[in-house]
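Asker: This one is target-v7.txt, compact mmCIF, C-alpha atoms.
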```
# COMPACT_ATOMS: atom_id res chain seq x y z
CA MET A 76 4.16 8.90 -23.02
CA LYS A 77 2.36 12.27 -23.23
CA GLN A 78 3.30 15.05 -20.81
CA GLY A 79 -0.16 15.08 -19.21
CA THR A 80 0.15 11.41 -18.28
CA ILE A 81 3.63 12.01 -16.92
CA ASN A 82 2.26 14.84 -14.77
CA PHE A 83 -0.59 12.64 -13.57
CA ILE A 84 1.75 9.83 -12.54
CA PHE A 85 4.17 12.25 -10.89
CA LYS A 86 1.54 13.86 -8.69
CA THR A 87 0.05 10.50 -7.74
CA ALA A 88 3.49 9.11 -6.88
CA ASP A 89 4.49 12.24 -4.95
CA ASP A 90 1.31 12.04 -2.86
CA SER A 91 2.10 8.44 -1.89
CA PHE A 92 5.75 9.13 -1.26
CA ILE A 93 5.23 12.18 0.95
CA PHE A 94 2.30 10.67 2.83
CA GLY A 95 4.30 7.47 3.32
CA HIS A 96 6.98 9.53 5.03
CA ARG A 97 4.47 11.33 7.25
CA ASN A 98 2.92 7.99 8.23
CA SER A 99 6.34 6.62 9.12
CA GLU A 100 6.81 9.50 11.58
CA TRP A 101 4.23 7.81 13.82
CA THR A 102 6.59 4.88 14.39
CA GLY A 103 7.27 4.77 18.12
CA LEU A 104 4.83 7.61 18.84
CA GLY A 105 1.41 6.07 18.21
CA PRO A 106 -1.21 6.32 20.98
CA PHE A 107 -0.91 2.54 21.45
CA ILE A 108 1.32 -0.11 19.96
CA GLU A 109 -1.15 -1.44 17.37
CA GLU A 110 -1.48 2.06 15.92
CA ASP A 111 2.27 2.32 15.71
CA ILE A 112 2.28 -0.88 13.69
CA ALA A 113 -0.64 0.23 11.53
CA PHE A 114 0.92 3.57 10.53
CA ALA A 115 4.30 1.94 9.92
CA SER A 116 2.67 -0.73 7.70
CA MET A 117 0.73 1.86 5.75
CA ALA A 118 3.91 3.89 5.33
CA GLN A 119 5.57 0.84 3.80
CA ASP A 120 2.67 0.32 1.39
CA LYS A 121 2.60 3.99 0.36
CA ILE A 122 6.31 4.17 -0.32
CA GLY A 123 6.03 0.89 -2.23
CA HIS A 124 3.25 2.36 -4.38
CA ALA A 125 5.34 5.48 -5.04
CA TRP A 126 8.27 3.28 -6.00
CA VAL A 127 6.15 1.36 -8.54
CA LEU A 128 4.85 4.62 -10.06
CA TYR A 129 8.29 6.26 -10.27
CA LYS A 130 9.55 3.05 -11.88
CA MET A 131 6.76 3.35 -14.44
CA LEU A 132 8.05 6.83 -15.36
CA ASN A 133 11.52 5.38 -15.70
CA GLU A 134 10.45 2.44 -17.87
CA HIS A 135 7.81 4.11 -20.03
CA ALA A 136 8.92 7.76 -20.23
CA GLY A 137 12.66 7.29 -20.04
CA LEU A 138 13.04 9.38 -16.88
CA ASP A 139 15.57 8.75 -14.11
CA ASP A 140 15.34 5.61 -12.01
CA ALA A 141 12.91 5.53 -9.07
CA GLU A 142 15.53 6.19 -6.43
CA LYS A 143 16.74 9.32 -8.24
CA LEU A 144 13.22 10.63 -8.81
CA ALA A 145 12.47 10.24 -5.11
CA PHE A 146 15.71 11.36 -3.52
CA TYR A 147 17.56 13.55 -5.98
CA ARG A 148 14.86 15.39 -7.94
CA ASP A 149 14.67 19.15 -7.41
CA ILE A 150 12.25 19.73 -4.56
CA ASN A 151 10.65 22.53 -6.59
CA ASP A 152 9.47 19.85 -8.99
CA PHE A 153 7.25 17.98 -6.49
CA ARG A 154 3.48 18.06 -7.04
CA CYS A 155 2.05 16.53 -3.86
CA ALA A 156 -1.09 18.11 -2.41
CA HIS A 157 -0.64 20.30 0.68
CA LEU A 158 -2.82 17.90 2.69
CA LEU A 159 -0.03 15.33 2.71
CA GLU A 160 2.89 17.54 3.58
CA LEU A 161 1.28 19.08 6.68
CA PRO A 162 2.90 17.89 9.91
CA ASN A 163 1.18 14.98 11.65
CA GLY A 164 -0.13 17.17 14.44
CA GLU A 165 -2.26 15.33 16.96
CA TYR A 166 -3.49 11.79 16.35
CA ASP A 167 -7.00 13.08 15.55
CA PHE A 168 -5.70 15.15 12.64
CA SER A 169 -3.52 12.32 11.33
CA LEU A 170 -6.42 9.91 11.47
CA VAL A 171 -8.85 12.24 9.67
CA ARG A 172 -6.26 13.05 7.01
CA HIS A 173 -5.62 9.33 6.51
CA PHE A 174 -9.36 8.76 6.15
CA LEU A 175 -9.90 11.61 3.65
CA PHE A 176 -6.86 10.74 1.55
CA ASP A 177 -7.17 6.96 1.47
CA GLU A 178 -10.85 6.99 0.51
CA ALA A 179 -9.81 9.16 -2.46
CA GLU A 180 -6.84 6.90 -3.25
CA PHE A 181 -9.01 3.81 -3.23
CA LEU A 182 -11.47 5.43 -5.66
CA ARG A 183 -8.63 6.78 -7.82
CA TYR A 184 -7.32 3.26 -8.39
CA ASP A 185 -10.83 1.96 -8.89
CA LEU A 186 -11.22 4.45 -11.77
CA LEU A 187 -7.75 3.57 -13.05
CA LEU A 188 -8.83 -0.06 -13.58
CA ASN A 189 -10.25 1.22 -16.89
CA SER A 190 -7.28 3.38 -17.82
CA SER A 191 -6.21 3.33 -21.46
CA PHE A 192 -2.61 3.33 -20.21
CA ALA A 193 -2.16 -0.40 -19.63
CA PRO A 194 0.59 -0.29 -16.95
CA LEU A 195 -1.61 1.92 -14.74
CA ALA A 196 -4.68 -0.27 -15.24
CA HIS A 197 -2.60 -3.31 -14.37
CA MET A 198 -1.09 -1.86 -11.17
CA ALA A 199 -4.43 -0.42 -10.07
CA LYS A 200 -5.70 -3.94 -9.37
CA LYS A 201 -2.89 -4.70 -6.99
CA PHE A 202 -2.90 -1.33 -5.24
CA LYS A 203 -6.66 -1.47 -4.70
CA GLY A 204 -6.42 -4.80 -2.90
CA GLU A 205 -3.80 -3.36 -0.56
CA LEU A 206 -5.53 0.01 -0.04
CA LYS A 207 -8.65 -1.79 1.09
CA TYR A 208 -6.95 -2.33 4.45
CA HIS A 209 -6.03 1.34 4.71
CA THR A 210 -9.63 2.49 4.28
CA MET A 211 -10.84 -0.27 6.61
CA HIS A 212 -8.43 0.95 9.28
CA ALA A 213 -9.36 4.61 8.82
CA GLU A 214 -13.10 3.95 8.86
CA SER A 215 -13.04 1.75 11.93
CA PHE A 216 -11.19 4.34 14.05
CA LEU A 217 -13.08 7.32 12.65
CA ILE A 218 -16.36 5.65 13.57
CA GLN A 219 -15.19 4.49 17.00
CA LEU A 220 -13.83 7.90 17.99
CA GLY A 221 -16.68 9.84 16.40
CA GLN A 222 -19.16 7.72 18.35
CA GLY A 223 -16.96 7.68 21.47
CA ASN A 224 -17.60 10.42 24.02
CA ALA A 225 -18.18 14.17 23.75
CA ASP A 226 -14.46 14.90 23.89
CA SER A 227 -13.45 12.44 21.17
CA ASN A 228 -16.37 13.52 18.99
CA THR A 229 -15.46 17.22 19.34
CA ARG A 230 -11.83 16.54 18.53
CA MET A 231 -12.69 14.49 15.46
CA GLN A 232 -15.10 17.16 14.22
CA LYS A 233 -12.45 19.86 14.70
CA ALA A 234 -9.85 17.78 12.86
CA LEU A 235 -12.32 17.14 10.05
CA GLU A 236 -13.01 20.87 9.65
CA ALA A 237 -9.28 21.61 9.65
CA ALA A 238 -8.33 18.93 7.12
CA PHE A 239 -11.27 19.35 4.75
CA PRO A 240 -10.13 22.41 2.70
CA TYR A 241 -6.78 20.69 2.21
CA ALA A 242 -8.49 17.43 1.20
CA LEU A 243 -10.43 19.34 -1.48
CA GLY A 244 -7.01 20.43 -2.75
CA LEU A 245 -6.31 16.80 -3.72
CA PHE A 246 -8.56 17.33 -6.72
CA GLU A 247 -6.79 20.42 -8.04
CA SER A 248 -6.34 20.33 -11.80
CA TYR A 249 -2.83 20.07 -13.25
CA GLU A 250 -1.14 20.87 -16.53
CA GLY A 251 -2.30 18.48 -19.24
CA GLU A 252 -5.39 17.19 -17.42
CA ASN A 253 -7.60 17.78 -20.47
CA GLU A 254 -5.35 15.56 -22.52
CA VAL A 255 -5.37 12.87 -19.84
CA ILE A 256 -9.18 12.90 -19.84
CA ALA A 257 -9.45 12.97 -23.65
CA ASP A 258 -7.06 10.01 -23.93
CA ALA A 259 -9.04 8.07 -21.30
CA VAL A 260 -5.98 7.67 -19.09
CA PHE A 261 -8.05 8.96 -16.15
CA PRO A 262 -11.63 10.35 -16.17
CA GLY A 263 -10.60 13.50 -14.27
CA GLU A 264 -10.24 14.98 -10.80
CA GLU A 265 -13.74 16.48 -10.79
CA ILE A 266 -15.34 13.07 -11.34
CA LEU A 267 -13.13 11.58 -8.63
CA LYS A 268 -14.09 14.37 -6.24
CA ASN A 269 -17.81 13.72 -6.72
CA LYS A 270 -17.39 9.99 -6.18
CA TRP A 271 -15.33 10.72 -3.08
CA LEU A 272 -17.97 13.02 -1.60
CA GLU A 273 -20.61 10.34 -2.18
CA ARG A 274 -18.45 7.75 -0.51
CA ILE A 275 -17.33 9.65 2.58
CA ALA A 276 -20.68 11.30 3.45
CA PRO A 277 -22.41 8.19 4.88
CA ILE A 278 -19.27 7.16 6.82
CA ILE A 279 -18.99 10.64 8.36
CA GLU A 280 -22.66 10.44 9.30
CA GLN A 281 -22.23 6.98 10.83
CA ALA A 282 -19.40 8.44 12.93
CA ASN A 283 -21.84 11.04 14.36
CA LEU A 284 -19.84 13.78 12.65
CA LYS A 285 -21.07 16.61 10.47
CA MET A 286 -20.01 16.94 6.87
CA PRO A 287 -17.98 20.16 6.56
CA ASP A 288 -19.32 23.00 4.45
CA LEU A 289 -18.88 21.95 0.82
CA SER A 290 -18.51 25.54 -0.35
CA THR A 291 -15.26 25.84 1.65
CA GLN A 292 -12.47 27.30 -0.46
CA PRO A 293 -10.07 24.41 -1.32
CA VAL A 294 -6.36 24.84 -0.58
CA PHE A 295 -4.72 24.59 -3.98
CA GLY A 296 -1.11 24.96 -5.10
CA GLY A 297 0.50 21.54 -4.71
CA ARG A 298 -0.22 20.46 -8.28
CA GLN A 299 1.39 23.72 -9.47
CA LYS A 300 4.56 22.83 -7.50
CA GLN A 301 3.89 25.39 -4.78
CA HIS A 302 4.25 24.14 -1.24
CA THR A 303 3.74 25.01 2.40
CA GLU A 304 6.53 26.04 4.75
CA HIS A 305 6.58 22.47 6.06
CA PHE A 306 7.64 20.90 2.80
CA ALA A 307 11.30 21.91 2.48
CA PRO A 308 12.31 20.92 6.04
CA MET A 309 10.64 17.53 5.56
CA MET A 310 12.45 16.91 2.28
CA HIS A 311 15.70 17.93 3.91
CA GLU A 312 15.17 15.35 6.63
CA MET A 313 14.17 12.63 4.15
CA ARG A 314 17.29 13.23 2.11
CA GLU A 315 19.77 13.55 4.92
CA VAL A 316 21.34 10.14 4.35
CA SER A 317 21.31 10.22 0.54
CA SER A 318 22.76 13.72 0.46
CA THR A 319 25.51 12.83 2.92
CA ASP A 320 26.54 9.78 0.91
CA PRO A 321 24.94 9.58 -2.57
CA ASN A 322 26.46 6.17 -3.20
CA ALA A 323 25.34 4.56 0.05
CA THR A 324 23.65 1.19 -0.29
CA TRP A 325 21.39 -0.48 2.25
CA MET B 209 12.94 -34.78 -14.43
CA LEU B 210 14.58 -31.34 -14.36
CA LEU B 211 11.23 -29.82 -13.37
CA GLU B 212 10.94 -32.18 -10.41
CA ARG B 213 14.45 -31.40 -9.26
CA VAL B 214 13.80 -27.65 -9.45
CA ASN B 215 10.46 -27.94 -7.64
CA GLU B 216 12.09 -30.00 -4.93
CA VAL B 217 14.61 -27.23 -4.26
CA LEU B 218 11.93 -24.51 -4.43
CA SER B 219 9.85 -26.30 -1.80
CA THR B 220 12.73 -25.91 0.66
CA ILE B 221 13.12 -22.15 0.14
CA TYR B 222 11.21 -20.36 2.86
CA ASP B 223 9.79 -16.87 3.09
CA PRO B 224 12.07 -14.87 5.41
CA GLU B 225 9.07 -13.22 7.07
CA ILE B 226 6.99 -16.39 7.44
CA PRO B 227 9.49 -19.24 7.70
CA ALA B 228 6.69 -21.81 7.90
CA LEU B 229 5.95 -21.34 4.20
CA SER B 230 8.00 -22.10 1.14
CA VAL B 231 7.84 -19.97 -1.98
CA ILE B 232 5.74 -22.78 -3.53
CA ASP B 233 3.29 -22.86 -0.58
CA LEU B 234 2.86 -19.09 -0.88
CA GLY B 235 2.10 -19.24 -4.59
CA MET B 236 5.00 -16.96 -5.44
CA ILE B 237 6.22 -19.16 -8.30
CA THR B 238 4.29 -18.56 -11.52
CA ALA B 239 6.29 -20.76 -13.91
CA VAL B 240 9.32 -23.01 -14.16
CA VAL B 241 10.50 -23.08 -17.75
CA PRO B 242 13.21 -25.62 -18.63
CA ASN B 243 15.36 -25.17 -21.67
CA GLY B 244 16.82 -28.56 -22.56
CA ASP B 245 18.30 -30.57 -19.68
CA ASP B 246 20.73 -28.05 -18.28
CA SER B 247 19.00 -24.70 -18.14
CA VAL B 248 15.92 -23.32 -16.41
CA VAL B 249 14.14 -20.01 -15.88
CA VAL B 250 12.05 -19.62 -12.72
CA HIS B 251 9.33 -16.94 -12.80
CA MET B 252 8.26 -15.44 -9.47
CA ILE B 253 5.96 -12.66 -8.22
CA PRO B 254 6.13 -10.50 -5.09
CA THR B 255 3.36 -10.77 -2.53
CA TYR B 256 2.92 -7.04 -1.79
CA ALA B 257 3.94 -4.18 -4.10
CA ALA B 258 6.10 -2.91 -1.24
CA CYS B 259 7.38 -6.30 -0.10
CA PRO B 260 10.96 -5.53 1.01
CA ALA B 261 11.94 -9.18 0.61
CA THR B 262 11.30 -9.54 -3.14
CA SER B 263 14.83 -9.03 -4.42
CA PHE B 264 16.18 -10.93 -1.42
CA ILE B 265 13.99 -13.94 -2.22
CA GLN B 266 14.89 -13.71 -5.91
CA LYS B 267 18.58 -13.86 -4.98
CA MET B 268 17.98 -16.65 -2.48
CA ILE B 269 16.19 -18.81 -5.07
CA LYS B 270 19.00 -18.36 -7.58
CA GLU B 271 21.69 -19.16 -5.02
CA GLN B 272 19.91 -22.25 -3.70
CA LEU B 273 19.24 -23.61 -7.18
CA GLN B 274 22.82 -22.96 -8.21
CA GLU B 275 24.14 -24.64 -5.10
CA LYS B 276 21.93 -27.74 -5.24
CA LEU B 277 21.75 -28.23 -9.01
CA THR B 278 25.35 -27.66 -9.98
CA ASP B 279 24.82 -29.06 -13.47
CA VAL B 280 21.98 -26.65 -14.32
CA HIS B 281 22.09 -22.99 -15.34
CA CYS B 282 19.37 -21.10 -13.46
CA GLU B 283 17.78 -17.71 -13.95
CA VAL B 284 15.11 -16.15 -11.74
CA VAL B 285 12.91 -13.42 -13.19
CA VAL B 286 10.15 -11.33 -11.62
CA ASP B 287 6.90 -11.81 -13.49
CA THR B 288 5.09 -8.49 -13.96
CA ASP B 289 1.98 -9.86 -15.67
CA ILE B 290 0.52 -11.79 -12.78
CA HIS B 291 -0.60 -10.31 -9.44
CA TRP B 292 -0.31 -12.31 -6.27
CA ASN B 293 -3.37 -12.79 -4.05
CA THR B 294 -3.99 -15.00 -1.06
CA ASN B 295 -5.99 -17.59 -3.04
CA ARG B 296 -2.61 -18.61 -4.44
CA ILE B 297 -1.56 -20.07 -1.07
CA SER B 298 -1.70 -23.89 -1.29
CA GLU B 299 -3.77 -26.11 1.02
CA LEU B 300 -0.54 -27.42 2.51
CA GLY B 301 0.54 -23.80 3.02
CA LYS B 302 -2.67 -23.03 4.89
CA GLN B 303 -2.15 -26.07 7.09
CA ARG B 304 1.40 -24.99 7.84
CA LEU B 305 0.30 -21.46 8.71
CA LYS B 306 -2.15 -22.87 11.24
CA GLU B 307 0.53 -25.04 12.76
CA ALA B 308 2.73 -21.94 13.07
CA GLY B 309 -0.05 -20.20 15.05
CA ILE B 310 -1.18 -17.95 12.21
CA ALA B 311 -4.79 -18.19 11.05
CA PRO B 312 -4.89 -18.85 7.28
CA PRO B 313 -6.77 -16.42 5.00
CA PRO B 314 -10.31 -17.30 3.93
CA LYS B 315 -10.82 -17.72 0.19
CA VAL B 316 -11.53 -14.38 -1.53
CA THR B 317 -14.08 -14.40 -4.32
CA SER B 318 -14.49 -10.65 -4.82
CA GLU B 319 -13.38 -7.62 -2.83
CA VAL B 320 -12.24 -8.09 0.76
CA ASP B 321 -14.74 -6.64 3.23
CA ARG B 322 -14.87 -6.24 6.98
CA GLU B 323 -17.24 -9.22 7.34
CA MET B 324 -14.49 -11.47 6.07
CA LEU B 325 -12.32 -10.56 9.02
CA LEU B 326 -14.89 -11.38 11.69
CA GLY B 327 -15.10 -14.67 13.56
CA ILE B 328 -11.81 -15.96 12.22
CA PRO B 329 -11.17 -19.34 13.93
CA CYS B 330 -8.43 -19.02 16.57
CA PRO B 331 -5.42 -21.11 15.50
CA ARG B 332 -4.79 -22.00 19.17
CA CYS B 333 -8.14 -23.16 20.51
CA GLY B 334 -10.27 -23.24 17.38
CA GLY B 335 -12.83 -20.87 18.94
CA VAL B 336 -14.72 -18.47 16.68
CA ASN B 337 -15.56 -16.00 19.42
CA THR B 338 -12.93 -13.65 18.00
CA PHE B 339 -12.68 -10.09 16.72
CA LEU B 340 -10.31 -8.09 14.57
CA GLN B 341 -8.06 -5.92 16.71
CA ILE B 342 -6.25 -4.21 13.90
CA PRO B 343 -5.95 -4.90 10.14
CA PHE B 344 -2.15 -4.60 10.30
CA GLY B 345 0.43 -6.84 11.95
CA TYR B 346 4.12 -7.35 12.37
CA THR B 347 4.59 -7.79 8.63
CA LEU B 348 2.49 -6.35 5.78
CA CYS B 349 0.68 -9.64 5.22
CA ARG B 350 -0.68 -10.09 8.73
CA ALA B 351 -3.55 -8.76 10.84
CA ILE B 352 -4.03 -9.05 14.62
CA HIS B 353 -7.17 -10.62 16.09
CA PHE B 354 -8.26 -11.39 19.63
CA CYS B 355 -9.81 -14.65 20.83
CA LYS B 356 -12.32 -14.24 23.66
CA ASP B 357 -12.31 -18.00 24.30
CA CYS B 358 -8.64 -18.29 25.17
CA ASN B 359 -8.17 -14.60 25.99
CA GLN B 360 -5.17 -14.06 23.77
CA SER B 361 -4.46 -12.22 20.59
CA PHE B 362 -3.39 -14.12 17.49
CA GLU B 363 -2.19 -13.30 14.01
CA GLN B 364 -3.93 -13.93 10.73
CA PHE B 365 -2.50 -14.04 7.24
CA LYS B 366 -5.01 -11.54 5.93
CA PRO B 367 -6.95 -12.14 2.74
CA VAL B 368 -5.87 -9.96 -0.19
CA ALA B 369 -7.79 -9.68 -3.44
CA ASN B 370 -6.52 -8.09 -6.61
CA ASP B 371 -9.59 -7.32 -8.65
```
Show this structure as structure tokens.
Answerer:
Amino acid sequence: MKQGTINFIFKTADDSFIFGHRNSEWTGLGPFIEEDIAFASMAQDKIGHAWVLYKMLNEHAGLDDAEKLAFYRDINDFRCAHLLELPNGEYDFSLVRHFLFDEAEFLRYDLLLNSSFAPLAHMAKKFKGELKYHTMHAESFLIQLGQGNADSNTRMQKALEAAFPYALGLFESYEGENEVIADAVFPGEEILKNKWLERIAPIIEQANLKMPDLSTQPVFGGRQKQHTEHFAPMMHEMREVSSTDPNATW
Amino acid sequence: MLLERVNEVLSTIYDPEIPALSVIDLGMITAVVPNGDDSVVVHMIPTYAACPATSFIQKMIKEQLQEKLTDVHCEVVVDTDIHWNTNRISELGKQRLKEAGIAPPPKVTSEVDREMLLGIPCPRCGGVNTFLQIPFGYTLCRAIHFCKDCNQSFEQFKPVAND
């Protein structure tokens, strides 16, 4: 497997893994019980998707097994976008982040259906079917709260403005992207970004929200393995059990 | 003969998360391949990519087959070529879901959309005056709906497509 493809799979897996963990932090804290369940279920799906992708790196690129890549890899080697490592904040921010990310995820796997790398094309089908429920969940609450009252609309708009520069950072280029595009493994982040903008605009409008300024400077760095101050403490927490007892089984 | 014996055992192995359904009802078995009279390989697929029960079910199938067919060597492998979707659930499986109080999934012909989750018949009273409360439930495969006829929420085995 070429290095560009490895990088592509790593960043996609890291996004799912880290966001899965953030979603799981809503367990027991959701604004109502169904939201608790929703975020916990989505966390399970995300971590499952990361597991499948890490396994792909193990089977096709001869890297460590999935568990090791997730729990023992040097944290300076993670390539998740900053959007996903930010703390959950208030429910409005978590919801908007979930909307912005999952719409991009859904489209990413839609494009991957035609990937020249067969294992990715194969998994994309399955992931897409599952992600459909994530976007459905995000859209239904974004629209309900955006259309709700002045307070909920203001909060959603504020969250959207705050999350947007980070969401643009999802499409940051990474080492080897040209090769990935040339080999038809993935058509490229720029194409994904344009499809994403086309897809989210009418939903944002339906929610009575305003599309943030598209000339906003994106927050880049994640794909270059640079992270926010929130990343290391989160990884420390995630690895507390495995670092205490590396041979623990559960 | 061997095939029938294996299928008979498989139809008594239930999903730990939905005990009303066997692995056959759920469509988790993709092939049963006998080798002579005393050896068989069972091919299975997980429902969700993140289904935590996959390796547990794999182990359970092997143990049950080994216990009930003492004269047969059994292997259980996870099939990576075929994706599970809810159309794989048998008619009997759908009936059993309903009896367990879980609305069965409608047939999926293309992508799942929100329309498909509206007006799902209530498994309790049969009313269609229902709405989707949340597309997630107590396990990955379920959604929660509310029935305005009997004023109670109910679960649905939600439709999942894979292309």
Asker: Distance limit 7 Å, atoms considered: all atoms listed in the file. Which chain B residues sit that close to chain A? Return them as a list in words.
Answerer: Ala257, Ala258, His291, Ile342, Pro343, Phe344, Gly345, Tyr346, Leu348, Val368, Ala369, Asn370 and Asp371 of chain B
Asker: Between atom CA of Gln303 of chain B and atom CA of Ala228 of chain B, what is the spacing in Å?
Answerer: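 Calculated distance between atom CA of Ala228 of chain B and atom CA of Gln303 of chain B is 9.8 Å.
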Asker: Excluding Arg296 of chain B and any residue of its chain fewer than 2 positions from it, enumerate the residues within 12 Å of it, using only C-alpha atoms, and give them as a PyMOL selection string.
Answerer: chain B and resi 231-238+253-255+290-294+298-302+312-316+367-370
Asker: Could you tell me how far atom CA of Gly137 of chain A lies from atom CA of Glu312 of chain A, in Å and to one decimal?
Answerer: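 Atom-to-atom, atom CA of Gly137 of chain A and atom CA of Glu312 of chain A are spaced 28.0 Å apart.
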Asker: Using all atoms listed in the file for the distances, tell me which of A:Ser191, A:Pro287, A:Phe168, A:Phe146 is nearest to Ser318 of chain A.
Answerer: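 Ranked by minimum distance to Ser318 of chain A, first place goes to A:Phe146.
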Asker: Need the shell around Gly244 of chain A: protein/DNA/RNA residues with any atom at most 7 Å away, counting only C-alpha atoms. Skip same-chain ones fewer than 3 positions apart. Format as a PDB file with C-alpha atoms, in the coordinates of the input?
Answerer:
```pdb
ATOM      1  CA  ALA A 156      -1.090  18.110  -2.410  1.00  0.00           C
ATOM      2  CA  PRO A 240     -10.130  22.410   2.700  1.00  0.00           C
ATOM      3  CA  TYR A 241      -6.780  20.690   2.210  1.00  0.00           C
ATOM      4  CA  GLU A 247      -6.790  20.420  -8.040  1.00  0.00           C
ATOM      5  CA  PRO A 293     -10.070  24.410  -1.320  1.00  0.00           C
ATOM      6  CA  VAL A 294      -6.360  24.840  -0.580  1.00  0.00           C
ATOM      7  CA  PHE A 295      -4.720  24.590  -3.980  1.00  0.00           C
TER       8      PHE A 295
END
```
Asker: Would you pick out the contacts of Glu225 of chain B at 10 Å or less, using all atoms listed in the file, so that residues sharing its chain but fewer than 2 positions from it are not included, and give the list as a list in words?
Answerer: Tyr222, Asp223, Pro227, Ala228, Leu229, Pro260, Ala261, Tyr346, Thr347, Leu348 and Cys349 of chain B
Asker: Nearest residue to Tyr147 of chain A out of A:Ser317, A:Glu264, A:Lys233, A:Ala323, using all atoms listed in the file?
Answerer: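 Using all atoms listed in the file, Tyr147 of chain A sits closest to A:Ser317.
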Asker: Is there a way to get, as a list in words, all residues within 12 Å of the point (24.1, -25.6, -9.3) in file coordinates, counting all atoms listed in the file?
Answerer: Arg213, Val214, Val217, Asp246, Ser247, Val248, Ile269, Lys270, Glu271, Gln272, Leu273, Gln274, Glu275, Lys276, Leu277, Thr278, Asp279, Val280, His281, Cys282 and Glu283 of chain B
Asker: Restricting the calculation to only C-alpha atoms, which member of B:Leu326, B:Ala311, B:Val241, B:Val320 is positioned closest to Phe339 of chain B?
Answerer: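 Smallest distance to Phe339 of chain B is found for B:Leu326.
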Asker: Could you work out how far atom CA of Asp89 of chain A lies from atom CA of Ile218 of chain A, giving the answer in Å with one decimal?
Answerer: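 These two atoms are separated by 28.7 Å.
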Asker: Using all atoms listed in the file, can you tell me which of A:Cys155, A:Ala259, A:Ile278, A:Ala141 comes closest to Asn189 of chain A?
Answerer: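 Smallest distance to Asn189 of chain A is found for A:Ala259.
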Asker: List the spatial neighbours of Val284 of chain B as a short mmCIF file (atom, residue, chain, number, x, y, z; two decimals) with C-alpha atoms, in the frame of the given file - criterion: any atom at most 8 Å away, all atoms listed in the file, same-chain residues fewer than 2 positions off excluded.
Answerer:
```cif
data_model
loop_
_atom_site.label_atom_id
_atom_site.label_comp_id
_atom_site.auth_asym_id
_atom_site.auth_seq_id
_atom_site.Cartn_x
_atom_site.Cartn_y
_atom_site.Cartn_z
CA VAL B 249 14.14 -20.01 -15.88
CA VAL B 250 12.05 -19.62 -12.72
CA HIS B 251 9.33 -16.94 -12.80
CA MET B 252 8.26 -15.44 -9.47
CA GLN B 266 14.89 -13.71 -5.91
CA LYS B 267 18.58 -13.86 -4.98
CA ILE B 269 16.19 -18.81 -5.07
CA LYS B 270 19.00 -18.36 -7.58
CA CYS B 282 19.37 -21.10 -13.46
CA VAL B 286 10.15 -11.33 -11.62
#
```
Asker: At a cut-off of 9 Å, using all atoms listed in the file, what residues contact Glu160 of chain A? Leave out same-chain residues fewer than 4 positions from it and give the result as a list of chain:residue names.
Answerer: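 The contact residues come out as A:Asp90, A:Ile93, A:Phe94, A:Arg97, A:Cys155, A:Ala156, A:His302, A:Thr303, A:His305, A:Phe306, A:Met309.
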